[in-house]
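Enquirer: Pasting a structure here, questions to come.
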Amino acid sequence: MTGTVLITGANRGIGLELASQYAADGWQVRACCQEPDRAERLQRIGESADGRLTIHALEVTDRERIQVLASELEGQAIDILFNNAGVRGGDHQTLGDVDLDNWLQTLRVNTIAPLLMVEAFLPLVARSRRRIIAIMGSTMGSIAENASGGQYIYRTTKAAAHMVGRSLASDLRSQGIISVLLHPGWVRTDMGGVNAPVSPADSVAGLRRVLAGLQLKDSGRFFDFQGRERRW
Ligand SMILES: NC(=O)c1ccc[n+]([C@@H]2O[C@H](COP(=O)([O-])OP(=O)(O)OC[C@H]3O[C@@H](n4cnc5c(N)ncnc54)[C@H](OP(=O)(O)O)[C@@H]3O)[C@@H](O)[C@H]2O)c1
């Protein structure tokens, strides 16, 4: 089954792989990135997608731009709103050395932006058949799984993103909209680094399988790319 997916941060890493796999599978892809002119790999995927992939400029903390893009796409149905864009929060996030400005900026990207996106794109998601909102969380944002400490900025902003997705599940259930949190695994990207065990291809294949199998009863749950439910 195909549909339309909107992906943030689609120019590299997991977002690029999401765009690539969905496009190859026949989906309509609305691929968002900060600098379309510099997104050469995404452009190449678009060129071989028979017009099914469109690229849109979007810096996810820019509320005005989010609204403009939602208006530009008005009338379309978005089956999966995939809030993928994220940042790690820089090198200063250990006890005694936390960069407060970076913390706030990371909160804007990882936590607040997904909510702004949902607010703007809700009518387009509601119009679709699948009606899925996915927020990229992380087991690094799991309080139950935190056995090693540190990483204050990344951990707190992802934990808060989990809460955004969980509240959305309650708020949107009556509209038949599914909101899920996803953990992609530890993935070989700029963020995950070269030693990460999971390839973007395997991570995304798994995430897509999870999304394809979702039902309304799954809304508000936190799954990893292998379909396992993770602890909050
Ligand atoms: N890799 C892992 O092991 C791992 C594990 C758990 C969770 N995650 C999560 O998975 C998601 C993707 O991670 P990744 O590994 O693919 O990271 P990545 O390779 O660093 O890519 C991050 C993507 O987010 C975009 N982005 C960052 N800030 C943005 C902003 N303000 N507006 C729009 N786009 C922005 C980047 O765009 P630019 O190129 O323009 O900067 C890039 O496309 C993130 O949410 C991350 O936290 C990753």
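Quick note on naming: the chains in the structure tokens go A, B, ... in the order shown, residues restart at 1 in each chain, and ligands are numbered from 1 in order of appearance.
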Show me, as a count of residues only, the residues that have an atom within 10 Å of Arg221 in chain A when counting only C-alpha atoms, minus same-chain residues fewer than 2 positions from it.
Expert: 17
Enquirer: Show me which residues line ligand 1, defined as having an atom within 7 Å of a ligand atom where only C-alpha atoms and all ligand atoms count, and present them as number ranges by chain.
Expert: A: 8-15, 33-35, 58-61, 84-88, 109-110, 136-139, 183-192, 196
Enquirer: Output N, CA and C atoms for every residue in the selection just made, as an mmCIF file, in the first residue's frame.
Expert:
data_model
loop_
_atom_site.group_PDB
_atom_site.id
_atom_site.type_symbol
_atom_site.label_atom_id
_atom_site.label_comp_id
_atom_site.auth_asym_id
_atom_site.auth_seq_id
_atom_site.Cartn_x
_atom_site.Cartn_y
_atom_site.Cartn_z
ATOM 1 N N THR A 8 10.676 15.388 7.762
ATOM 2 C CA THR A 8 11.560 16.524 8.061
ATOM 3 C C THR A 8 13.004 16.014 8.162
ATOM 4 N N GLY A 9 13.944 16.893 7.842
ATOM 5 C CA GLY A 9 15.358 16.503 7.884
ATOM 6 C C GLY A 9 15.664 15.407 6.879
ATOM 7 N N ALA A 10 15.172 15.577 5.642
ATOM 8 C CA ALA A 10 15.252 14.496 4.643
ATOM 9 C C ALA A 10 16.512 14.554 3.786
ATOM 10 N N ASN A 11 17.441 15.457 4.079
ATOM 11 C CA ASN A 11 18.606 15.605 3.197
ATOM 12 C C ASN A 11 19.777 14.687 3.537
ATOM 13 N N ARG A 12 19.756 14.091 4.736
ATOM 14 C CA ARG A 12 20.863 13.183 5.080
ATOM 15 C C ARG A 12 20.401 12.225 6.183
ATOM 16 N N GLY A 13 21.251 11.250 6.468
ATOM 17 C CA GLY A 13 20.972 10.333 7.572
ATOM 18 C C GLY A 13 19.693 9.537 7.381
ATOM 19 N N ILE A 14 19.004 9.317 8.478
ATOM 20 C CA ILE A 14 17.803 8.478 8.469
ATOM 21 C C ILE A 14 16.710 9.113 7.603
ATOM 22 N N GLY A 15 16.619 10.440 7.641
ATOM 23 C CA GLY A 15 15.592 11.119 6.848
ATOM 24 C C GLY A 15 15.774 10.906 5.365
ATOM 25 N N CYS A 33 13.786 19.919 3.984
ATOM 26 C CA CYS A 33 15.139 20.108 4.489
ATOM 27 C C CYS A 33 15.446 21.596 4.552
ATOM 28 N N GLN A 34 16.500 21.924 5.290
ATOM 29 C CA GLN A 34 16.791 23.340 5.516
ATOM 30 C C GLN A 34 17.273 24.039 4.252
ATOM 31 N N GLU A 35 18.088 23.329 3.454
ATOM 32 C CA GLU A 35 18.692 23.965 2.281
ATOM 33 C C GLU A 35 18.542 23.073 1.039
ATOM 34 N N LEU A 58 12.501 23.792 4.718
ATOM 35 C CA LEU A 58 11.878 23.876 6.044
ATOM 36 C C LEU A 58 12.910 23.751 7.152
ATOM 37 N N GLU A 59 13.049 24.842 7.889
ATOM 38 C CA GLU A 59 13.806 24.812 9.148
ATOM 39 C C GLU A 59 12.726 24.646 10.207
ATOM 40 N N VAL A 60 12.809 23.553 10.959
ATOM 41 C CA VAL A 60 11.630 23.123 11.719
ATOM 42 C C VAL A 60 11.261 24.004 12.925
ATOM 43 N N THR A 61 12.142 24.924 13.302
ATOM 44 C CA THR A 61 11.758 25.810 14.410
ATOM 45 C C THR A 61 11.094 27.089 13.897
ATOM 46 N N ASN A 84 11.263 13.718 11.819
ATOM 47 C CA ASN A 84 12.553 13.038 11.924
ATOM 48 C C ASN A 84 13.696 13.984 12.324
ATOM 49 N N ALA A 85 13.634 15.235 11.888
ATOM 50 C CA ALA A 85 14.754 16.163 12.121
ATOM 51 C C ALA A 85 15.104 16.210 13.605
ATOM 52 N N GLY A 86 16.399 16.183 13.873
ATOM 53 C CA GLY A 86 16.824 16.240 15.264
ATOM 54 C C GLY A 86 18.276 16.645 15.378
ATOM 55 N N VAL A 87 18.640 17.119 16.547
ATOM 56 C CA VAL A 87 20.038 17.463 16.820
ATOM 57 C C VAL A 87 20.457 16.830 18.146
ATOM 58 N N ARG A 88 21.767 16.642 18.282
ATOM 59 C CA ARG A 88 22.290 15.962 19.471
ATOM 60 C C ARG A 88 22.518 16.923 20.632
ATOM 61 N N VAL A 109 14.220 22.254 18.488
ATOM 62 C CA VAL A 109 14.263 21.339 17.341
ATOM 63 C C VAL A 109 13.638 19.975 17.687
ATOM 64 N N ASN A 110 14.092 19.383 18.797
ATOM 65 C CA ASN A 110 13.715 17.995 19.089
ATOM 66 C C ASN A 110 12.319 17.856 19.682
ATOM 67 N N MET A 136 10.340 11.000 15.998
ATOM 68 C CA MET A 136 11.558 10.256 16.256
ATOM 69 C C MET A 136 11.997 10.545 17.685
ATOM 70 N N GLY A 137 11.839 9.537 18.509
ATOM 71 C CA GLY A 137 12.329 9.635 19.882
ATOM 72 C C GLY A 137 13.683 8.967 19.961
ATOM 73 N N SER A 138 14.004 8.451 21.113
ATOM 74 C CA SER A 138 15.262 7.735 21.292
ATOM 75 C C SER A 138 15.232 7.035 22.640
ATOM 76 N N THR A 139 15.864 5.864 22.710
ATOM 77 C CA THR A 139 15.994 5.230 24.024
ATOM 78 C C THR A 139 16.887 6.085 24.926
ATOM 79 N N HIS A 183 12.110 4.627 17.982
ATOM 80 C CA HIS A 183 13.566 4.592 18.199
ATOM 81 C C HIS A 183 14.176 3.860 17.003
ATOM 82 N N PRO A 184 15.080 4.531 16.279
ATOM 83 C CA PRO A 184 15.586 3.929 15.035
ATOM 84 C C PRO A 184 16.705 2.918 15.231
ATOM 85 N N GLY A 185 17.102 2.666 16.484
ATOM 86 C CA GLY A 185 18.324 1.889 16.732
ATOM 87 C C GLY A 185 19.498 2.850 16.789
ATOM 88 N N TRP A 186 20.677 2.291 17.021
ATOM 89 C CA TRP A 186 21.897 3.119 16.975
ATOM 90 C C TRP A 186 22.407 3.020 15.542
ATOM 91 N N VAL A 187 22.253 4.114 14.809
ATOM 92 C CA VAL A 187 22.356 4.067 13.352
ATOM 93 C C VAL A 187 23.596 4.820 12.848
ATOM 94 N N ARG A 188 24.242 4.238 11.836
ATOM 95 C CA ARG A 188 25.441 4.852 11.234
ATOM 96 C C ARG A 188 25.077 6.068 10.391
ATOM 97 N N THR A 189 25.017 7.223 11.050
ATOM 98 C CA THR A 189 24.748 8.499 10.383
ATOM 99 C C THR A 189 25.746 9.496 10.961
ATOM 100 N N ASP A 190 25.637 10.759 10.531
ATOM 101 C CA ASP A 190 26.507 11.774 11.135
ATOM 102 C C ASP A 190 26.296 11.802 12.647
ATOM 103 N N MET A 191 25.040 11.655 13.057
ATOM 104 C CA MET A 191 24.765 11.691 14.495
ATOM 105 C C MET A 191 25.206 10.409 15.191
ATOM 106 N N GLY A 192 24.899 9.271 14.607
ATOM 107 C CA GLY A 192 25.190 7.989 15.253
ATOM 108 C C GLY A 192 26.661 7.612 15.200
ATOM 109 N N ALA A 196 28.330 2.827 14.849
ATOM 110 C CA ALA A 196 26.965 2.371 15.128
ATOM 111 C C ALA A 196 26.694 1.063 14.391
#
Enquirer: Using only C-alpha atoms, which of A:Gln151, A:Ser48, A:Thr54, A:Thr4 sits nearest Trp27 in chain A?
Expert: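 Ranking A:Gln151, A:Ser48, A:Thr54, A:Thr4 by distance to Trp27 in chain A, first place goes to A:Thr4.
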Enquirer: Counting only C-alpha atoms, which residue out of A:Gln43, A:Ile153, A:Gly51, A:Ile78 sits closest to Leu95 in chain A?
Expert: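 Smallest distance to Leu95 in chain A is found for A:Ile153.
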Enquirer: Show which residues sit within 6 Å of Ile80 in chain A, as a list of chain:residue names. Count only C-alpha atoms, and ignore same-chain residues fewer than 6 positions away.
Expert: A:Val5, A:Ile132, A:Ile133
Enquirer: From a DSSP calculation on the backbone, collect every residue of range 23-113 of chain A in alpha helix (DSSP H) and output the set as a list in words.
Expert: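 Listing alpha helix (DSSP H) positions across range 23-113 of chain A yields Ala23, Ala24, Glu40, Arg41, Leu42, Gln43, Arg44, Ile45, Gly46, Glu47, Arg63, Glu64, Arg65, Ile66, Gln67, Val68, Leu69, Ala70, Ser71, Glu72, Leu100, Asp101, Asn102, Trp103, Leu104, Gln105, Thr106, Leu107 and Ala113 of chain A.
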Enquirer: Of the residues A:Gly150, A:Pro114, A:Gly206, A:Gly193, which is the one nearest to Leu81 in chain A, using only C-alpha atoms?
Expert: A:Pro114
Enquirer: Would you compute the distance between CA of Phe121 in chain A and CA of Ala77 in chain A? Give it in Å to one decimal.
Expert: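 Calculated distance between CA of Phe121 in chain A and CA of Ala77 in chain A is 9.5 Å.
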Enquirer: Need the shell around range 20-23 of chain A: protein/DNA/RNA residues with any atom at most 7 Å away, counting only C-alpha atoms. Skip same-chain ones fewer than 4 positions apart. Format as an MDAnalysis selection string?
Expert: chainID A and resid 16 27:29 45 49 52:53
Enquirer: Output the selection as a compact mmCIF listing (two decimals), in the first residue's frame - C-alpha atoms for each residue.
Expert:
# COMPACT_ATOMS: atom_id res chain seq x y z
CA LEU A 16 17.31 10.71 3.49
CA TRP A 27 4.90 6.65 -2.27
CA GLN A 28 4.43 10.37 -2.74
CA VAL A 29 7.19 11.97 -0.70
CA ILE A 45 16.50 10.51 -5.49
CA ALA A 49 11.07 9.17 -8.64
CA ARG A 52 6.52 11.62 -6.82
CA LEU A 53 9.13 13.30 -4.61
